[in-house]
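These notes are about the structure you will find just below.
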Amino acid sequence: MTGAARPAGAPVPVLDIGGTHVTAALVDPATGSPVPSSVLRRPLGSDATADSILDTIARTALELPAEHGPRWGVAIPGPFDYDTGMGRFDGIGKFEALSGVDVGAGLRRRLADRAEHLRFLNDADAFAIGEYHAGAAAGHTRVVCLTLGTGVGSSFLRDGLPVHDGTEIPSGGHVHRLTVHGRPLEDLVSRRAIRDHYGLLAVVAEDREPPDVHEIAALAKAGDPAATEAFRYAFGTLGQALAPWIDRFGASAVVIGGSMAKSWNLIHPALSAKLVPAGGATVQVLPARQPAEAPLIGAARWAQDTWSATL
């Protein structure tokens, strides 16, 4: 409905694009929360063709009720050029077909008169902004938010806005680019790393796959020593890598989300113990309060607050 009048206070349409799913929703600007009946989650194959990926995202978006605002907030993982809407996914094992593709133009064409502007942001930044406005990061001037799933997503937030430049943060604010013990962080802290480490400790036969992370977590909670050590080592290593940056950035809290955050009782002790040198008890390690809704809330805030810079 480009150029058409829209009712004052119209909901903000948002998309949260992940490697296995896409979520579409309308966010009420009065409450800042997603309209529960509007939230749609659909499977998405990150190894599909560019047209198939964009078609799936657009079909999900078009399922939303049509009476919404003209500016969409779109959370999507990197590498991605968030200013131009171009995919930069070459060599990372997901969304390879979107590398060099103008995702913004492709989606606007498919959404036709349902979208005037698309405002892209990193999915970890969307989560952080959402937690700042409606979750565990609220009240913290400087906070680091992590999403722990297949890998480690991160956002360094100052006064509610992501920080991507400067000497106070890792390059781009991306914790996954750090090295520890001479190796890339995600070689030691990721779904793959925990499975591999457990496989070594439990002496899983080479012709068998180690159990998945949720199964290893269940074993750890039942007292299995190999499973317990796999979690302790991974998240102790994350704390060790993150500690100097927490200190340098002056963060008063670290907020944890993502699928692995469901194993909070395994993650929190190991991570907190290694963060102590950064600031002792003044650095709080907190679970996300809005783990599912935060990216939607953050994407809507981004669309509203940065509407003047359009694609």
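How things are named: the first chain in the structure tokens is A, the next is B, and so on; residues count from 1 in each chain; ligands count from 1 in the order shown.
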
Non-local contacts of Ile92 in chain A (12 Å; only C-alpha atoms; under 6 positions in same chain excluded) as a PyMOL selection string: chain A and resi 19+46-47+77-80+98-99+151

Keeping only all heavy atoms, write the selected residues as a PDB file, in the first residue's frame.
ATOM      1  N   GLY A  19      18.593 -19.540  10.559  1.00  0.00           N
ATOM      2  CA  GLY A  19      19.078 -20.568   9.653  1.00  0.00           C
ATOM      3  C   GLY A  19      18.110 -21.704   9.418  1.00  0.00           C
ATOM      4  O   GLY A  19      18.221 -22.436   8.433  1.00  0.00           O
ATOM      5  N   SER A  46      18.175 -22.909   4.892  1.00  0.00           N
ATOM      6  CA  SER A  46      19.252 -21.974   4.567  1.00  0.00           C
ATOM      7  C   SER A  46      20.149 -22.488   3.443  1.00  0.00           C
ATOM      8  O   SER A  46      21.011 -21.759   2.950  1.00  0.00           O
ATOM      9  CB  SER A  46      20.101 -21.695   5.815  1.00  0.00           C
ATOM     10  OG  SER A  46      20.751 -22.867   6.261  1.00  0.00           O
ATOM     11  N   ASP A  47      19.946 -23.754   3.025  1.00  0.00           N
ATOM     12  CA  ASP A  47      20.742 -24.313   1.932  1.00  0.00           C
ATOM     13  C   ASP A  47      19.974 -24.328   0.612  1.00  0.00           C
ATOM     14  O   ASP A  47      20.440 -24.906  -0.379  1.00  0.00           O
ATOM     15  CB  ASP A  47      21.205 -25.732   2.287  1.00  0.00           C
ATOM     16  CG  ASP A  47      20.036 -26.682   2.586  1.00  0.00           C
ATOM     17  OD1 ASP A  47      18.892 -26.194   2.702  1.00  0.00           O
ATOM     18  OD2 ASP A  47      20.290 -27.892   2.721  1.00  0.00           O
ATOM     19  N   PRO A  77      20.887 -12.866  10.439  1.00  0.00           N
ATOM     20  CA  PRO A  77      22.279 -13.056  10.857  1.00  0.00           C
ATOM     21  C   PRO A  77      23.267 -12.545   9.814  1.00  0.00           C
ATOM     22  O   PRO A  77      22.915 -12.364   8.640  1.00  0.00           O
ATOM     23  CB  PRO A  77      22.398 -14.573  11.038  1.00  0.00           C
ATOM     24  CG  PRO A  77      21.315 -15.155  10.190  1.00  0.00           C
ATOM     25  CD  PRO A  77      20.205 -14.154  10.190  1.00  0.00           C
ATOM     26  N   GLY A  78      24.487 -12.318  10.241  1.00  0.00           N
ATOM     27  CA  GLY A  78      25.542 -11.918   9.331  1.00  0.00           C
ATOM     28  C   GLY A  78      26.306 -13.132   8.821  1.00  0.00           C
ATOM     29  O   GLY A  78      26.017 -14.274   9.210  1.00  0.00           O
ATOM     30  N   PRO A  79      27.237 -12.875   7.895  1.00  0.00           N
ATOM     31  CA  PRO A  79      27.636 -11.569   7.375  1.00  0.00           C
ATOM     32  C   PRO A  79      26.589 -11.014   6.400  1.00  0.00           C
ATOM     33  O   PRO A  79      26.106 -11.730   5.538  1.00  0.00           O
ATOM     34  CB  PRO A  79      28.958 -11.837   6.659  1.00  0.00           C
ATOM     35  CG  PRO A  79      29.236 -13.292   6.784  1.00  0.00           C
ATOM     36  CD  PRO A  79      28.073 -13.959   7.387  1.00  0.00           C
ATOM     37  N   PHE A  80      26.276  -9.742   6.583  1.00  0.00           N
ATOM     38  CA  PHE A  80      25.218  -9.100   5.809  1.00  0.00           C
ATOM     39  C   PHE A  80      25.508  -7.610   5.804  1.00  0.00           C
ATOM     40  O   PHE A  80      25.959  -7.055   6.809  1.00  0.00           O
ATOM     41  CB  PHE A  80      23.863  -9.376   6.469  1.00  0.00           C
ATOM     42  CG  PHE A  80      22.668  -9.044   5.621  1.00  0.00           C
ATOM     43  CD1 PHE A  80      22.161  -9.957   4.714  1.00  0.00           C
ATOM     44  CD2 PHE A  80      22.036  -7.816   5.732  1.00  0.00           C
ATOM     45  CE1 PHE A  80      21.050  -9.660   3.937  1.00  0.00           C
ATOM     46  CE2 PHE A  80      20.932  -7.497   4.965  1.00  0.00           C
ATOM     47  CZ  PHE A  80      20.433  -8.437   4.063  1.00  0.00           C
ATOM     48  N   LEU A  98      22.438 -16.562  -1.059  1.00  0.00           N
ATOM     49  CA  LEU A  98      22.120 -15.130  -0.948  1.00  0.00           C
ATOM     50  C   LEU A  98      23.369 -14.249  -0.983  1.00  0.00           C
ATOM     51  O   LEU A  98      23.255 -13.024  -0.896  1.00  0.00           O
ATOM     52  CB  LEU A  98      21.355 -14.857   0.358  1.00  0.00           C
ATOM     53  CG  LEU A  98      19.970 -15.490   0.479  1.00  0.00           C
ATOM     54  CD1 LEU A  98      19.333 -15.123   1.814  1.00  0.00           C
ATOM     55  CD2 LEU A  98      19.069 -15.074  -0.681  1.00  0.00           C
ATOM     56  N   SER A  99      24.539 -14.855  -1.105  1.00  0.00           N
ATOM     57  CA  SER A  99      25.763 -14.051  -1.166  1.00  0.00           C
ATOM     58  C   SER A  99      25.765 -13.234  -2.461  1.00  0.00           C
ATOM     59  O   SER A  99      25.612 -13.776  -3.561  1.00  0.00           O
ATOM     60  CB  SER A  99      26.996 -14.956  -1.123  1.00  0.00           C
ATOM     61  OG  SER A  99      28.172 -14.183  -1.040  1.00  0.00           O
ATOM     62  N   GLY A 151      26.208 -21.322  17.269  1.00  0.00           N
ATOM     63  CA  GLY A 151      27.435 -20.599  17.570  1.00  0.00           C
ATOM     64  C   GLY A 151      27.182 -19.564  18.648  1.00  0.00           C
ATOM     65  O   GLY A 151      26.282 -19.719  19.465  1.00  0.00           O
TER      66      GLY A 151
END

Close residues, Arg142 in chain A itself excluded, 9 Å, only C-alpha atoms, min 5 positions apart in chain, as a PyMOL selection string: chain A and resi 137+156-160+249-253

Can you write just those residues out, N, CA and C atoms, as a short mmCIF file (atom, residue, chain, number, x, y, z; two decimals), in the first residue's frame?
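To be explicit, this is the file written out as selection_0.cif:
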data_model
loop_
_atom_site.label_atom_id
_atom_site.label_comp_id
_atom_site.auth_asym_id
_atom_site.auth_seq_id
_atom_site.Cartn_x
_atom_site.Cartn_y
_atom_site.Cartn_z
N ALA A 137 18.01 -6.66 30.09
CA ALA A 137 18.99 -5.59 29.88
C ALA A 137 18.47 -4.22 30.28
N PHE A 156 27.04 -5.58 21.77
CA PHE A 156 27.48 -4.65 22.81
C PHE A 156 26.57 -3.43 22.72
N LEU A 157 25.79 -3.20 23.78
CA LEU A 157 24.76 -2.18 23.75
C LEU A 157 25.13 -1.03 24.68
N ARG A 158 25.07 0.20 24.15
CA ARG A 158 25.30 1.40 24.96
C ARG A 158 24.09 2.32 24.81
N ASP A 159 23.44 2.61 25.93
CA ASP A 159 22.23 3.44 25.92
C ASP A 159 21.19 2.88 24.95
N GLY A 160 21.09 1.57 24.89
CA GLY A 160 20.07 0.94 24.08
C GLY A 160 20.38 0.79 22.61
N PHE A 249 34.73 -2.53 28.04
CA PHE A 249 33.48 -1.87 27.66
C PHE A 249 32.76 -1.25 28.86
N GLY A 250 33.06 -1.77 30.05
CA GLY A 250 32.40 -1.26 31.25
C GLY A 250 30.98 -1.75 31.40
N ALA A 251 30.72 -2.96 30.92
CA ALA A 251 29.35 -3.50 31.02
C ALA A 251 29.02 -3.86 32.47
N SER A 252 27.79 -3.60 32.85
CA SER A 252 27.34 -3.97 34.19
C SER A 252 26.57 -5.28 34.19
N ALA A 253 26.28 -5.83 32.99
CA ALA A 253 25.54 -7.09 32.92
C ALA A 253 25.84 -7.80 31.62
#

Taking the DSSP secondary structure from the backbone, can you list the residues of range 185-282 of chain A that are helix (DSSP H, G or I), as a PyMOL selection string? chain A and resi 185-187+191-201+213-221+225-249+259-282

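Shell of Pro269 in chain A at 10 Å, with only C-alpha atoms counted and residues fewer than 4 places along the chain excluded, is A:Arg232, A:Phe235, A:Gly236, A:Trp264, A:Asn265, A:Ala273, A:Lys274, A:Val285.
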
Could I get the residues of range 5-81 of chain A with an atom no further than 9 Å from an atom of range 294-301 of chain A, each paired with its nearest atom pair and that distance in Å to one decimal, using only C-alpha atoms, sorted by chain and residue number, as JSON lines?
{"residue": "A:Val12", "atom": "CA", "partner": "A:Ala300", "partner_atom": "CA", "distance": 5.9}
{"residue": "A:Pro13", "atom": "CA", "partner": "A:Ala300", "partner_atom": "CA", "distance": 7.1}
{"residue": "A:Val14", "atom": "CA", "partner": "A:Ala300", "partner_atom": "CA", "distance": 6.1}
{"residue": "A:Leu15", "atom": "CA", "partner": "A:Leu296", "partner_atom": "CA", "distance": 7.0}
{"residue": "A:Asp16", "atom": "CA", "partner": "A:Leu296", "partner_atom": "CA", "distance": 6.5}
{"residue": "A:Thr23", "atom": "CA", "partner": "A:Leu296", "partner_atom": "CA", "distance": 8.5}
{"residue": "A:Ala24", "atom": "CA", "partner": "A:Leu296", "partner_atom": "CA", "distance": 8.2}
{"residue": "A:Ala25", "atom": "CA", "partner": "A:Leu296", "partner_atom": "CA", "distance": 7.2}
{"residue": "A:Leu26", "atom": "CA", "partner": "A:Leu296", "partner_atom": "CA", "distance": 8.5}
{"residue": "A:Val27", "atom": "CA", "partner": "A:Ala300", "partner_atom": "CA", "distance": 6.5}
{"residue": "A:Asp28", "atom": "CA", "partner": "A:Ala300", "partner_atom": "CA", "distance": 8.9}
{"residue": "A:Pro29", "atom": "CA", "partner": "A:Ala300", "partner_atom": "CA", "distance": 8.2}
{"residue": "A:Gly32", "atom": "CA", "partner": "A:Ile297", "partner_atom": "CA", "distance": 6.4}
{"residue": "A:Ser33", "atom": "CA", "partner": "A:Ile297", "partner_atom": "CA", "distance": 6.1}
{"residue": "A:Pro34", "atom": "CA", "partner": "A:Ile297", "partner_atom": "CA", "distance": 6.9}
{"residue": "A:Arg71", "atom": "CA", "partner": "A:Ala300", "partner_atom": "CA", "distance": 8.8}
{"residue": "A:Trp72", "atom": "CA", "partner": "A:Ala300", "partner_atom": "CA", "distance": 7.3}
{"residue": "A:Gly73", "atom": "CA", "partner": "A:Ala299", "partner_atom": "CA", "distance": 4.5}
{"residue": "A:Val74", "atom": "CA", "partner": "A:Ala299", "partner_atom": "CA", "distance": 5.9}
{"residue": "A:Ala75", "atom": "CA", "partner": "A:Ala299", "partner_atom": "CA", "distance": 6.0}

Written selection (N, CA, C and O atoms) as a CSV table (one decimal), in the first residue's frame:
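Output below, filename again.csv:
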chain,number,residue,atom,x,y,z
A,12,VAL,N,3.7,-2.4,13.7
A,12,VAL,CA,4.9,-2.5,13.0
A,12,VAL,C,5.2,-3.9,12.5
A,12,VAL,O,5.3,-4.8,13.4
A,13,PRO,N,5.3,-4.2,11.2
A,13,PRO,CA,5.6,-5.6,10.8
A,13,PRO,C,7.1,-5.9,10.9
A,13,PRO,O,7.9,-5.0,10.6
A,14,VAL,N,7.4,-7.1,11.4
A,14,VAL,CA,8.8,-7.5,11.6
A,14,VAL,C,9.0,-8.9,11.1
A,14,VAL,O,8.0,-9.7,11.0
A,15,LEU,N,10.3,-9.2,10.8
A,15,LEU,CA,10.7,-10.5,10.4
A,15,LEU,C,11.9,-10.9,11.2
A,15,LEU,O,12.8,-10.0,11.3
A,16,ASP,N,12.0,-12.1,11.7
A,16,ASP,CA,13.2,-12.6,12.4
A,16,ASP,C,13.6,-13.8,11.6
A,16,ASP,O,13.0,-14.9,11.6
A,23,THR,N,10.3,-16.0,11.3
A,23,THR,CA,9.2,-15.6,12.1
A,23,THR,C,8.7,-14.3,11.7
A,23,THR,O,9.5,-13.3,11.5
A,24,ALA,N,7.4,-14.1,11.4
A,24,ALA,CA,6.8,-12.8,11.1
A,24,ALA,C,5.8,-12.5,12.2
A,24,ALA,O,5.2,-13.3,12.8
A,25,ALA,N,5.7,-11.2,12.5
A,25,ALA,CA,4.8,-10.7,13.5
A,25,ALA,C,4.5,-9.3,13.3
A,25,ALA,O,5.1,-8.5,12.6
A,26,LEU,N,3.4,-8.8,14.0
A,26,LEU,CA,3.1,-7.4,14.1
A,26,LEU,C,3.3,-7.0,15.5
A,26,LEU,O,2.9,-7.7,16.5
A,27,VAL,N,4.0,-5.9,15.7
A,27,VAL,CA,4.3,-5.3,17.0
A,27,VAL,C,3.5,-4.1,17.3
A,27,VAL,O,3.4,-3.2,16.4
A,28,ASP,N,2.8,-4.1,18.4
A,28,ASP,CA,1.9,-3.0,18.8
A,28,ASP,C,2.8,-1.8,19.2
A,28,ASP,O,3.5,-2.0,20.2
A,29,PRO,N,2.8,-0.7,18.5
A,29,PRO,CA,3.6,0.4,18.9
A,29,PRO,C,3.3,1.0,20.3
A,29,PRO,O,4.1,1.6,20.9
A,32,GLY,N,4.7,-1.9,22.6
A,32,GLY,CA,6.0,-2.4,22.2
A,32,GLY,C,6.1,-3.9,22.2
A,32,GLY,O,7.2,-4.4,22.0
A,33,SER,N,5.0,-4.6,22.3
A,33,SER,CA,5.1,-6.1,22.3
A,33,SER,C,4.4,-6.7,21.0
A,33,SER,O,3.5,-6.0,20.5
A,34,PRO,N,4.8,-7.9,20.6
A,34,PRO,CA,4.1,-8.5,19.5
A,34,PRO,C,2.7,-8.8,19.8
A,34,PRO,O,2.3,-9.1,20.9
A,71,ARG,N,6.9,0.4,7.3
A,71,ARG,CA,8.3,0.2,7.6
A,71,ARG,C,8.5,-1.1,8.3
A,71,ARG,O,8.0,-1.3,9.4
A,72,TRP,N,9.2,-2.1,7.7
A,72,TRP,CA,9.5,-3.4,8.3
A,72,TRP,C,10.8,-3.4,9.0
A,72,TRP,O,11.8,-2.8,8.5
A,73,GLY,N,10.8,-4.0,10.1
A,73,GLY,CA,12.1,-4.3,10.8
A,73,GLY,C,12.5,-5.8,10.5
A,73,GLY,O,11.6,-6.7,10.6
A,74,VAL,N,13.7,-6.0,10.0
A,74,VAL,CA,14.1,-7.3,9.6
A,74,VAL,C,15.4,-7.7,10.3
A,74,VAL,O,16.5,-7.2,10.0
A,75,ALA,N,15.3,-8.7,11.2
A,75,ALA,CA,16.5,-9.2,11.9
A,75,ALA,C,17.0,-10.4,11.1
A,75,ALA,O,16.3,-11.3,10.7

For a quick check of understanding, using only C-alpha atoms, which of A:Gly135, A:Pro162, A:Gly87, A:Pro211 has the smallest distance to Asp102 in chain A?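 Of A:Gly135, A:Pro162, A:Gly87, A:Pro211, the one nearest Asp102 in chain A, counting only C-alpha atoms, is A:Gly87.
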
Nearest to Arg41 in chain A: which of A:Arg177, A:His21, A:His214, A:Arg59 is it, counting only C-alpha atoms?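 Smallest distance to Arg41 in chain A is found for A:His21.
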
So that I can see what lies close to Lys262 in chain A, please list as a PyMOL selection string the residues with an atom at most 10 Å from it, counting only C-alpha atoms and leaving out residues fewer than 5 positions away in the same chain. chain A and resi 148+214+217+256-257+267+287+291

Close residues, Leu201 in chain A itself excluded, 9 Å, only C-alpha atoms, min 5 positions apart in chain, as a PDB file with N, CA and C atoms, in the first residue's frame:
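What follows is the written file out.pdb:
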ATOM      1  N   ASP A 196      31.744 -32.479  20.148  1.00  0.00           N
ATOM      2  CA  ASP A 196      33.058 -33.083  19.917  1.00  0.00           C
ATOM      3  C   ASP A 196      33.782 -33.349  21.234  1.00  0.00           C
ATOM      4  N   PRO A 225      29.728 -37.237  34.362  1.00  0.00           N
ATOM      5  CA  PRO A 225      30.921 -36.387  34.478  1.00  0.00           C
ATOM      6  C   PRO A 225      31.433 -35.860  33.146  1.00  0.00           C
ATOM      7  N   ALA A 226      31.372 -36.661  32.082  1.00  0.00           N
ATOM      8  CA  ALA A 226      31.847 -36.184  30.779  1.00  0.00           C
ATOM      9  C   ALA A 226      30.966 -35.053  30.255  1.00  0.00           C
ATOM     10  N   ALA A 227      29.667 -35.196  30.396  1.00  0.00           N
ATOM     11  CA  ALA A 227      28.743 -34.158  29.949  1.00  0.00           C
ATOM     12  C   ALA A 227      28.921 -32.883  30.764  1.00  0.00           C
ATOM     13  N   GLU A 229      31.624 -31.864  32.295  1.00  0.00           N
ATOM     14  CA  GLU A 229      32.890 -31.230  31.944  1.00  0.00           C
ATOM     15  C   GLU A 229      32.829 -30.562  30.572  1.00  0.00           C
ATOM     16  N   ALA A 230      32.096 -31.155  29.636  1.00  0.00           N
ATOM     17  CA  ALA A 230      31.976 -30.547  28.308  1.00  0.00           C
ATOM     18  C   ALA A 230      31.322 -29.173  28.403  1.00  0.00           C
TER      19      ALA A 230
END

Closest to Trp302 in chain A among A:Arg183, A:His117, A:His68, A:Lys221, using only C-alpha atoms? A:His117

Choose the residue, out of A:Met86, A:Ala66, A:Val152, A:Ile17, that has the smallest atom-to-atom separation from Leu111 in chain A; count only C-alpha atoms.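 Closest to Leu111 in chain A of all the choices is A:Ala66.
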
Strand (DSSP E) per DSSP on the backbone: members of range 134-250 of chain A, as an NGL selection string: :A and (142-148 or 152-158 or 161-162 or 179-180 or 183-184)

Quick one: of A:Glu131, A:Leu238, A:Gln304, A:Leu118, who's nearest to Gly9 in chain A, counting only C-alpha atoms?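 Smallest distance to Gly9 in chain A is found for A:Gln304.
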
Check the smallest atom-to-atom distance from each of A:Gly258, A:Pro210, A:Pro43, A:Gly173 to His197 in chain A using only C-alpha atoms, then report the winner.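 Ranked by minimum distance to His197 in chain A, first place goes to A:Pro210.
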